[in-house]
Structures are given as C-alpha cells and as structure tokens.
Amino acid sequence: MDNANSGAIFAFLVPFLLFGIGIAVFSIICMWKIYRKAGFEGWECIIPIYSTLILLRIIGKPWWWLLMFFIPFANIIFGIMAIDLLSKSFGKGTGFTLGLVFLSFIFLAIMAFDRTIVYQGPAGDPNAPRPQDINSIGKSLV
C-alpha cells in the first residue's frame with residue numbers, strides 16, 4: 001500500500017475516531033453524574049473493575065455478580081438485569097430500561113442531567129440494605 005492510499009484511509013477514519021472518542025467522553029461525564037447522584041464519588045466510574053463493583057452497590061446486588069460478567073452469554077443476561085435495576089434505582093420503569101439498552105448515550109444523559117430523576121435506593125427500594133463494602137469480600141456475612 002502506498003502513502004497516498006494510507007493517507008486517504010486515515011483521512012476517512014479520523015472523523016469516526018473523533019466521534020467515538022466524543023461519545024466515550026460524554027458517556028464518562030454522564031456516568032460521573034449518575035454515580036454522584038447515587039452518593040458515590042464521580043471518579044469511581046472510570047476505574048474499570050472497581051466501577052462495576054460500585055455499580056453493583058448502587059443497584060443493590062452482591063459483589064459476586066461481577067464474576068457473572070466474565071461468563072459468555074450469562075454476561076448479557078446479567079448486564080440487562082443490572083441496567084434494569086439501575087433504572088429502577090432511579091425510579092424509572094421498563095421503557096427507560098429499553099432506552100438504556102438500545103440508546104444508552106441518550107438515556108444516560110437524561111438520567112444524569114434531569115434534576116427530577118433522583119436516586120431512590122437499590123432497585124428503587126429506599127429501605128433495602130446496601131450490599132457489604134468491597135473490603136468485606138471473603139469475610140463472613142453473619
């Protein structure tokens with residue numbers, strides 16, 4: 001491949017790359033605000049595995065759900081269940097869950113920037129106990 005073809009391919013792909021980076025940055029900003037609404041620090045959404053553990057605390061599920069995200073095909077089911085519980089945690093229903101699944105960057109922005117949407121507790125139950133801290137992994141639950 002000569003330099004002219006390489007340059008043309010690069011020039012064609014740059015807008016897609018910039019668009020993808022923009023969507024990623026916007027999604028991080030939205031998740032930052034969602035974590036803050038749920039009572040956690042915003043920076044916790046950018047640490048790869050730790051952010052999932054915090055998300056599990058937000059939706060009221062135990063830490064071992066993280067392991068389910070590593071199992072092929074089961075991760076899709078548990079991911080959709082986690083998204084559904086996230087929407088319920090903020091007082092939304094099944095329609096909002098479908099929006100989060102199919103148009104996540106739009107519905108994450110709605111969840112993050114709409115001041116009428118507030119965190120109502122794990123899975124929408126303000127009286128539900130939150131799962132144990134991450135430091136309690138491996139310790140007895142009794």
# chains A, B, ... in the order shown; residues from 1 in each chain; ligands from 1
>>> residues_around(residues="Phe107 in chain A", least_positions_apart="4", cutoff="12 Å", atoms="only C-alpha atoms", output="count of residues only")
23
>>> residues_around(residues="range 54-65 of chain A", least_positions_apart="2", cutoff="6 Å", atoms="only C-alpha atoms", output="PyMOL selection string")
chain A and resi 51-52+67-68+85-86+122-123+130-131
>>> atom_distance(atom1="CA of Ala24 in chain A", atom2="CA of Ile49 in chain A")
17.0 Å
>>> atom_distance(atom1="CA of Gly22 in chain A", atom2="CA of Leu53 in chain A")
25.3 Å
>>> select_by_dssp(residues="range 54-113 of chain A", states="alpha helix (DSSP H)", output="PyMOL selection string")
chain A and resi 54-59+65-68+74-89+94-102+104-113
>>> atom_distance(atom1="CA of Ala128 in chain A", atom2="CA of Ser89 in chain A")
10.8 Å
>>> residues_around(residues="Ile28 in chain A", least_positions_apart="4", cutoff="10 Å", atoms="only C-alpha atoms", output="VMD selection string")
chain A and resid 22 to 24 32 to 34 42 to 43 45 to 46 105 108
>>> write_last_selection(atoms="C-alpha atoms", output="mmCIF file, in the first residue's frame")
data_model
loop_
_atom_site.group_PDB
_atom_site.id
_atom_site.type_symbol
_atom_site.label_atom_id
_atom_site.label_comp_id
_atom_site.auth_asym_id
_atom_site.auth_seq_id
_atom_site.Cartn_x
_atom_site.Cartn_y
_atom_site.Cartn_z
ATOM 1 C CA GLY A 22 -16.575 12.168 21.843
ATOM 2 C CA ILE A 23 -19.270 9.598 22.670
ATOM 3 C CA ALA A 24 -16.916 7.899 25.155
ATOM 4 C CA TRP A 32 -19.832 10.519 36.706
ATOM 5 C CA LYS A 33 -23.037 12.462 37.400
ATOM 6 C CA ILE A 34 -25.059 9.272 37.938
ATOM 7 C CA GLY A 42 -17.649 10.539 40.412
ATOM 8 C CA TRP A 43 -14.098 9.328 39.813
ATOM 9 C CA CYS A 45 -16.861 5.397 37.390
ATOM 10 C CA ILE A 46 -13.584 5.489 35.452
ATOM 11 C CA PHE A 105 -25.795 7.583 25.496
ATOM 12 C CA LEU A 108 -27.684 8.071 30.362
#
